[in-house]
Structure formats: C-alpha cells, structure tokens
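Structure data follow from input_17.cif (mmCIF, C-alpha atoms):
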```
data_data
#
loop_
_atom_site.label_atom_id
_atom_site.label_comp_id
_atom_site.auth_asym_id
_atom_site.auth_seq_id
_atom_site.Cartn_x
_atom_site.Cartn_y
_atom_site.Cartn_z
CA MET A 247 84.04 89.35 97.91
CA GLY A 248 80.96 91.31 96.96
CA THR A 249 78.11 92.69 98.99
CA TRP A 250 77.11 91.00 102.24
CA ALA A 251 73.39 91.44 101.52
CA LEU A 252 71.61 88.20 100.69
CA SER A 253 70.10 87.93 97.23
CA PRO A 254 66.42 86.94 96.81
CA ALA A 255 67.50 83.39 95.90
CA GLU A 256 69.63 83.17 99.02
CA TRP A 257 66.85 84.49 101.22
CA GLU A 258 64.54 81.89 99.71
CA ALA A 259 67.03 79.12 100.51
CA VAL A 260 67.33 80.37 104.10
CA ARG A 261 63.55 80.64 104.44
CA LEU A 262 63.02 77.13 103.13
CA SER A 263 65.70 75.74 105.45
CA LEU A 264 64.06 77.34 108.48
CA LEU A 265 60.62 76.13 107.36
CA VAL A 266 61.87 72.59 106.79
CA GLY A 267 63.75 72.49 110.09
CA THR A 268 60.84 73.86 112.11
CA THR A 269 58.32 71.54 110.47
CA ALA A 270 60.56 68.51 111.01
CA VAL A 271 60.97 69.28 114.71
CA VAL A 272 57.32 70.10 115.41
CA ALA A 273 56.08 67.02 113.57
CA SER A 274 58.49 64.59 115.22
CA MET A 275 58.52 66.06 118.75
CA PRO A 276 55.48 64.14 120.13
CA ALA A 277 56.88 60.82 118.94
CA GLY A 278 60.31 61.79 120.26
CA ILE A 279 58.93 62.49 123.73
CA VAL A 280 56.98 59.23 123.84
CA LEU A 281 59.87 57.10 122.59
CA GLY A 282 62.39 58.90 124.78
CA TRP A 283 60.28 58.18 127.84
CA ILE A 284 59.66 54.56 126.86
CA LEU A 285 63.36 53.90 126.29
CA ALA A 286 64.26 55.61 129.57
CA ARG A 287 61.63 54.02 131.80
CA LYS A 288 60.47 50.73 130.32
CA ARG A 289 61.99 47.32 129.86
CA PHE A 290 60.41 45.09 127.26
CA TRP A 291 61.19 42.39 124.73
CA GLY A 292 62.51 43.90 121.51
CA LYS A 293 63.86 47.08 123.10
CA ASN A 294 67.28 46.57 121.53
CA ALA A 295 65.69 46.03 118.13
CA LEU A 296 63.66 49.23 118.52
CA GLU A 297 66.79 51.19 119.45
CA THR A 298 68.58 49.76 116.43
CA VAL A 299 65.81 50.82 114.06
CA LEU A 300 65.63 54.29 115.60
CA ASN A 301 69.38 54.80 115.29
CA LEU A 302 69.73 53.48 111.74
CA PRO A 303 69.51 56.97 110.14
CA LEU A 304 72.62 57.93 112.15
CA VAL A 305 74.77 55.24 110.52
CA LEU A 306 73.15 54.71 107.12
CA PRO A 307 74.40 56.90 104.26
CA PRO A 308 71.81 59.70 103.94
CA VAL A 309 71.23 58.85 100.27
CA VAL A 310 70.24 55.32 101.31
CA THR A 311 67.76 56.73 103.81
CA GLY A 312 66.49 59.02 101.05
CA TYR A 313 66.10 56.07 98.70
CA LEU A 314 64.05 54.18 101.28
CA LEU A 315 61.87 57.24 101.84
CA LEU A 316 61.41 57.63 98.10
CA PHE A 317 60.50 53.96 97.83
CA ALA A 318 57.89 54.30 100.60
CA PHE A 319 56.55 57.81 99.94
CA GLY A 320 56.85 58.01 96.15
CA ARG A 321 53.71 58.21 94.04
CA GLN A 322 53.87 54.44 93.58
CA GLY A 323 55.04 53.77 97.13
CA TRP A 324 52.83 51.95 99.60
CA ILE A 325 52.53 55.06 101.80
CA GLY A 326 52.85 57.80 99.20
CA SER A 327 50.17 56.38 96.92
CA ARG A 328 47.67 56.25 99.78
CA LEU A 329 48.50 59.75 100.97
CA GLU A 330 47.84 61.08 97.49
CA GLN A 331 44.72 58.97 96.96
CA TRP A 332 43.09 59.66 100.33
CA PHE A 333 44.30 63.17 101.17
CA GLY A 334 45.66 64.57 97.92
CA LEU A 335 49.03 64.95 99.68
CA ARG A 336 52.25 64.57 97.70
CA VAL A 337 55.64 64.78 99.41
CA VAL A 338 57.99 63.86 96.55
CA PHE A 339 59.64 66.91 94.95
CA ASP A 340 57.95 69.16 97.48
CA TRP A 341 59.16 71.00 100.60
CA LYS A 342 57.13 68.56 102.69
CA GLY A 343 59.37 65.80 101.38
CA ALA A 344 62.39 67.82 102.48
CA ALA A 345 60.83 68.18 105.94
CA LEU A 346 60.16 64.43 106.04
CA ALA A 347 63.76 63.63 105.12
CA ALA A 348 65.11 66.11 107.65
CA GLY A 349 62.82 64.77 110.37
CA VAL A 350 63.86 61.16 109.78
CA ILE A 351 67.58 61.97 109.69
CA SER A 352 67.48 64.12 112.83
CA PHE A 353 65.02 61.99 114.81
CA PRO A 354 67.66 59.76 116.47
CA LEU A 355 69.40 62.84 117.90
CA MET A 356 66.12 64.08 119.33
CA VAL A 357 65.22 60.73 120.89
CA ARG A 358 68.69 60.28 122.41
CA ALA A 359 68.62 63.71 124.03
CA MET A 360 65.09 63.19 125.32
CA ARG A 361 65.93 59.76 126.68
CA LEU A 362 68.85 61.23 128.63
CA ALA A 363 66.59 64.00 129.90
CA PHE A 364 64.09 61.48 131.28
CA LEU A 365 66.85 59.32 132.75
CA ALA A 366 68.11 62.35 134.67
CA VAL A 367 64.76 62.74 136.46
CA ASP A 368 64.80 61.07 139.86
CA GLU A 369 62.31 58.20 139.81
CA ARG A 370 61.76 58.64 143.55
CA LEU A 371 59.93 61.87 142.82
CA GLU A 372 57.65 60.06 140.42
CA ARG A 373 56.97 57.29 142.93
CA ALA A 374 56.22 59.87 145.63
CA SER A 375 53.69 61.49 143.32
CA ARG A 376 52.02 58.14 142.71
CA THR A 377 51.81 57.37 146.43
CA LEU A 378 50.01 60.70 146.91
CA GLY A 379 47.28 59.56 144.56
CA ALA A 380 48.40 61.00 141.24
CA SER A 381 47.83 58.87 138.18
CA GLY A 382 50.63 57.93 135.82
CA ILE A 383 49.56 60.58 133.32
CA ASP A 384 49.30 63.25 136.02
CA THR A 385 52.76 62.33 137.29
CA PHE A 386 54.19 62.55 133.82
CA PHE A 387 52.77 66.01 133.10
CA THR A 388 53.30 67.51 136.56
CA ILE A 389 56.61 65.92 137.62
CA THR A 390 58.50 64.19 134.83
CA LEU A 391 57.89 66.56 131.94
CA PRO A 392 58.64 69.81 133.84
CA LEU A 393 61.86 68.40 135.29
CA ALA A 394 62.99 67.10 131.91
CA ARG A 395 61.87 70.07 129.84
CA HIS A 396 65.27 71.67 129.39
CA GLY A 397 66.69 68.43 128.05
CA LEU A 398 63.68 68.04 125.79
CA ILE A 399 64.19 71.53 124.42
CA ALA A 400 67.88 70.76 123.89
CA GLY A 401 66.88 67.69 121.88
CA CYS A 402 64.56 69.76 119.71
CA VAL A 403 67.24 72.39 119.14
CA LEU A 404 69.84 69.80 118.11
CA SER A 405 67.29 68.15 115.84
CA PHE A 406 66.53 71.52 114.26
CA ALA A 407 70.22 72.20 113.62
CA ARG A 408 70.63 68.79 111.97
CA SER A 409 67.47 69.31 109.91
CA VAL A 410 68.68 72.64 108.55
CA GLY A 411 71.91 71.01 107.38
CA GLU A 412 70.37 67.87 105.84
CA PHE A 413 71.41 67.18 102.22
CA GLY A 414 71.66 63.57 101.05
CA ALA A 415 68.18 62.27 101.89
CA THR A 416 66.60 65.59 100.89
CA ILE A 417 67.97 65.60 97.37
CA MET A 418 66.74 62.03 96.89
CA ILE A 419 63.11 62.59 97.85
CA ALA A 420 62.62 66.33 97.30
CA GLY A 421 65.06 67.10 94.52
CA ASN A 422 66.80 70.45 94.05
CA ILE A 423 64.05 72.75 92.81
CA PRO A 424 64.73 76.51 93.12
CA GLY A 425 62.19 78.26 95.33
CA LYS A 426 60.50 74.98 96.22
CA THR A 427 62.94 72.49 97.74
CA ARG A 428 66.34 74.19 97.43
CA THR A 429 67.46 74.61 101.03
CA ILE A 430 70.82 76.08 102.11
CA PRO A 431 72.85 72.86 101.55
CA LEU A 432 71.27 72.33 98.13
CA TYR A 433 71.81 75.99 97.24
CA VAL A 434 75.51 75.76 98.10
CA PHE A 435 75.77 72.51 96.14
CA SER A 436 74.19 74.17 93.11
CA LEU A 437 76.57 77.13 93.32
CA LEU A 438 79.61 74.88 93.53
CA GLU A 439 78.49 73.14 90.34
CA SER A 440 78.44 76.42 88.42
CA PRO A 441 81.49 78.41 87.23
CA GLY A 442 82.55 80.94 89.84
CA GLY A 443 79.93 79.65 92.25
CA ALA A 444 82.39 78.96 95.04
CA GLU A 445 83.05 82.69 95.38
CA GLN A 446 79.32 83.42 95.62
CA ALA A 447 78.50 80.85 98.30
CA TYR A 448 80.16 82.62 101.23
CA ARG A 449 77.03 84.48 102.38
CA VAL A 450 74.79 81.44 102.80
CA VAL A 451 77.70 79.46 104.25
CA ILE A 452 78.11 82.13 106.93
CA VAL A 453 74.35 82.11 107.60
CA SER A 454 74.43 78.33 107.92
CA VAL A 455 77.35 78.49 110.37
CA LEU A 456 75.54 81.12 112.45
CA ILE A 457 72.33 79.06 112.59
CA ALA A 458 74.18 75.89 113.57
CA SER A 459 76.33 77.69 116.15
CA GLY A 460 73.32 79.40 117.70
CA ALA A 461 71.47 76.09 117.92
CA LEU A 462 74.43 74.34 119.56
CA ILE A 463 74.91 77.13 122.08
CA LEU A 464 71.20 77.16 122.93
CA GLY A 465 71.17 73.38 123.24
CA GLU A 466 74.13 73.44 125.62
CA ILE A 467 72.48 76.15 127.74
CA MET A 468 69.26 74.12 127.97
CA GLU A 469 71.13 70.96 128.95
CA ARG A 470 73.08 72.82 131.64
CA ARG A 471 69.92 74.38 133.06
CA GLY A 472 68.24 70.99 133.07
CA ARG A 473 71.08 69.41 135.05
CA GLU A 474 71.14 72.31 137.52
CA ARG A 475 67.37 72.11 138.03
CA ILE A 476 67.39 68.37 138.65
CA TYR A 477 70.34 68.54 141.04
CA ALA A 478 68.64 71.40 142.91
CA VAL A 479 65.57 69.23 143.43
#
```
Rewrite the structure from the file as structure tokens, please.
Amino acid sequence: MGTWALSPAEWEAVRLSLLVGTTAVVASMPAGIVLGWILARKRFWGKNALETVLNLPLVLPPVVTGYLLLFAFGRQGWIGSRLEQWFGLRVVFDWKGAALAAGVISFPLMVRAMRLAFLAVDERLERASRTLGASGIDTFFTITLPLARHGLIAGCVLSFARSVGEFGATIMIAGNIPGKTRTIPLYVFSLLESPGGAEQAYRVVIVSVLIASGALILGEIMERRGRERIYAV
C-alpha cells in the first residue's frame, strides 16, 4: 500500500459525498417529519397504499428507481422540463441529481425512524396539553417534537449514512462525472474498472467505512437517549 494521504480526486469524491448526503437529508427532513407524524398518529383511507409507495425505494432495485427519476426529472421529463423552463434548474448529470437520488433512496429509512420516534411519545401528554388550552400546533412543537427529537435525529443520521453510500440510482440520473457527480461509491467503481485500481481504492473505502460507522454509532446513541428521555417522563 502507498501513502495514506488522500489525493485531490479522492478528497473531491469525499466532499461531494458529504455535500450530497447533507443536501438530501436537509431537503427531505421536513417531509419526513410530517409523514412520520401522520403515519404514527392518524388513521385514514389509503394509509396502507401511502406506506407502500413510501417504502418502494427500499425494495426496488436502485437502478429502477434511478430510471424512474430520470424519466420524471430528465430534460424531457414532466417535472424536469418545467424545472428547467421556469427556474433554469437542471438536475440530470449534476450533483443536485445525485442529492435527489440519495434523498429518494434514503427517505423510507428516515420516515420509519421518525414514525417510531413519534409512536414512542405518550399520547396522554399530548392530550393533557390540549386540555390545558394548547392548540394542536403548540402541542406538537412544545410536547411531541421535543420528546421525539432524539429519534428524529437518529432518522436523519441513518438517512445521511444511506445517502453517502448510494450508487445505483445516482449513476442513472447523475452519471459518473469526475469533480461533478463522482461520489465515493462512484469513485471506487471507477477505480475497480481500471487496471490496478483495486489497490488504489483502499483509502476512500476506509473513509467510507468510518463515515458509515460514525453515523450508525451516533444514530444508536440518539435512539437510546430518546428512549431514556421518554421513559423518564
């Protein structure tokens, strides 16, 4: 093995992975909170269908999800064409497309964790808040959200870890462009396609393992703290 210092290309892959993962989490977090709360607290017609649609990215091959995203967000797609026409925004073969793919693939994990976090909050506390005159929104932001916050953070952390490791959907909609869309998984894939590349991939593989391990450890800590806080209440 050679030096342990990352090359400029490797640093760029790491930077893009962190940017894509962070953007995917921040962009999808509001929807994740809303859907997690709805699935935890509400009963309505079509709930099973909604859960099925939300969980599809977990069971579909990532390249199929990427194809559907490309079909919808491509320059001729019904969403992509309007984004480009109205806002001048293009996601295909751009890091924003990689963030979109990562967000869609990791979204079910986020929603599941957030749903469990809301389910762990004692509804009696919420009802007590309402009887004291608090509105539903006030109860949500003063009771439900604070008690569930550790689980919500855990969901975001797990979603981030999955986003950083996303490959199949990303390569479909964003391609494998050096310095633009080549994240850690795509960088490793490119190295393995070149002669002697397997021996050069160890540094970014180690970085990827460290990022994923750190995210899992942090997620577990947040979940444990959330359970302890709720039980203490």
Pick from A:Lys293, A:Ile463, A:Leu432, A:Val403, whichever lies nearest to A:Val451 using all atoms listed in the file:
A:Leu432
Which residues are near stretch 267-276 of chain A? Cut-off 8 Å, only C-alpha atoms, ignore same chain within fewer than 6 positions. Put them as a list of chain:residue names.
A:Ala345, A:Leu346, A:Ala348, A:Gly349, A:Phe353, A:Met356, A:Cys402, A:Ser405, A:Phe406, A:Ala407, A:Ser409, A:Val410
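In this structure, atom CA of A:Pro441 sits 28.3 Å away from atom CA of A:Pro307.
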Mind telling me what the PyMOL selection byres ((chain A and resi 279-284) around 12) catches here, as JSON, numbers by chain?
{"A": [271, 272, 273, 274, 275, 276, 277, 278, 285, 286, 287, 288, 289, 290, 293, 296, 297, 300, 353, 354, 355, 356, 357, 358, 359, 360, 361, 362, 363, 364, 365, 366, 367, 386, 387, 390, 391, 394, 395, 397, 398, 399, 401, 402]}
Using the chain letters and numbers from this file, what does the PyMOL selection byres ((chain A and resi 456-459) around 10) select? Give the answer as a PDB file with C-alpha atoms, in the frame of the given file.
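Below is the file that was written, expr.pdb:
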```
ATOM      1  CA  VAL A 260      67.330  80.370 104.100  1.00  0.00           C
ATOM      2  CA  LEU A 264      64.060  77.340 108.480  1.00  0.00           C
ATOM      3  CA  VAL A 403      67.240  72.390 119.140  1.00  0.00           C
ATOM      4  CA  LEU A 404      69.840  69.800 118.110  1.00  0.00           C
ATOM      5  CA  PHE A 406      66.530  71.520 114.260  1.00  0.00           C
ATOM      6  CA  ALA A 407      70.220  72.200 113.620  1.00  0.00           C
ATOM      7  CA  ARG A 408      70.630  68.790 111.970  1.00  0.00           C
ATOM      8  CA  VAL A 410      68.680  72.640 108.550  1.00  0.00           C
ATOM      9  CA  GLY A 411      71.910  71.010 107.380  1.00  0.00           C
ATOM     10  CA  VAL A 450      74.790  81.440 102.800  1.00  0.00           C
ATOM     11  CA  VAL A 451      77.700  79.460 104.250  1.00  0.00           C
ATOM     12  CA  ILE A 452      78.110  82.130 106.930  1.00  0.00           C
ATOM     13  CA  VAL A 453      74.350  82.110 107.600  1.00  0.00           C
ATOM     14  CA  SER A 454      74.430  78.330 107.920  1.00  0.00           C
ATOM     15  CA  VAL A 455      77.350  78.490 110.370  1.00  0.00           C
ATOM     16  CA  GLY A 460      73.320  79.400 117.700  1.00  0.00           C
ATOM     17  CA  ALA A 461      71.470  76.090 117.920  1.00  0.00           C
ATOM     18  CA  LEU A 462      74.430  74.340 119.560  1.00  0.00           C
ATOM     19  CA  ILE A 463      74.910  77.130 122.080  1.00  0.00           C
ATOM     20  CA  LEU A 464      71.200  77.160 122.930  1.00  0.00           C
ATOM     21  CA  GLY A 465      71.170  73.380 123.240  1.00  0.00           C
TER      22      GLY A 465
END
```
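Computed from the coordinates, the atom CA of A:Asn422 to atom CA of A:Ala251 distance equals 23.2 Å.
For the pair atom CA of A:Ser352 and atom CA of A:Thr311, the separation is 11.7 Å.
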Name the residues captured by the PyMOL selection byres ((chain A and resi 425) around 12) when it is applied to the shown file; answer as a PyMOL selection string.
chain A and resi 254-263+339-341+421-424+426-430+432-433
From the list A:Gln322, A:Ser327, A:Thr416, A:Asn301, which residue is nearest A:Pro431 when using only C-alpha atoms?
A:Thr416
If we count all atoms listed in the file, what is near A:Val310 at a cut-off of 12 Å, once residues fewer than 3 positions away on the same chain are taken out, given as a list in words?
Leu302, Pro303, Leu304, Val305, Leu306, Pro307, Tyr313, Leu314, Leu315, Leu316, Phe317, Ala347, Ile351, Phe413, Gly414, Ala415, Thr416, Ile417, Met418 and Ile419 of chain A
Using C-alpha atoms, can you export the residues from the last selection as a PDB file, in the coordinates of the input?
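Writing the result to result.pdb gives the following:
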```pdb
ATOM      1  CA  LEU A 302      69.730  53.480 111.740  1.00  0.00           C
ATOM      2  CA  PRO A 303      69.510  56.970 110.140  1.00  0.00           C
ATOM      3  CA  LEU A 304      72.620  57.930 112.150  1.00  0.00           C
ATOM      4  CA  VAL A 305      74.770  55.240 110.520  1.00  0.00           C
ATOM      5  CA  LEU A 306      73.150  54.710 107.120  1.00  0.00           C
ATOM      6  CA  PRO A 307      74.400  56.900 104.260  1.00  0.00           C
ATOM      7  CA  TYR A 313      66.100  56.070  98.700  1.00  0.00           C
ATOM      8  CA  LEU A 314      64.050  54.180 101.280  1.00  0.00           C
ATOM      9  CA  LEU A 315      61.870  57.240 101.840  1.00  0.00           C
ATOM     10  CA  LEU A 316      61.410  57.630  98.100  1.00  0.00           C
ATOM     11  CA  PHE A 317      60.500  53.960  97.830  1.00  0.00           C
ATOM     12  CA  ALA A 347      63.760  63.630 105.120  1.00  0.00           C
ATOM     13  CA  ILE A 351      67.580  61.970 109.690  1.00  0.00           C
ATOM     14  CA  PHE A 413      71.410  67.180 102.220  1.00  0.00           C
ATOM     15  CA  GLY A 414      71.660  63.570 101.050  1.00  0.00           C
ATOM     16  CA  ALA A 415      68.180  62.270 101.890  1.00  0.00           C
ATOM     17  CA  THR A 416      66.600  65.590 100.890  1.00  0.00           C
ATOM     18  CA  ILE A 417      67.970  65.600  97.370  1.00  0.00           C
ATOM     19  CA  MET A 418      66.740  62.030  96.890  1.00  0.00           C
ATOM     20  CA  ILE A 419      63.110  62.590  97.850  1.00  0.00           C
TER      21      ILE A 419
END
```
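For A:Phe319, the set of protein, DNA and RNA residues having any atom at most 8 Å away, when counting all atoms listed in the file and skipping those fewer than 5 positions along the same chain, is Trp324, Ile325, Gly326, Ser327, Val337 and Val338 of chain A.
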Looking at A:Gly312, A:Leu371, A:Thr298, A:Ala420, which one is nearest to A:Leu393, with distances taken over all atoms listed in the file?
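Selected residue with least distance to A:Leu393: A:Leu371.
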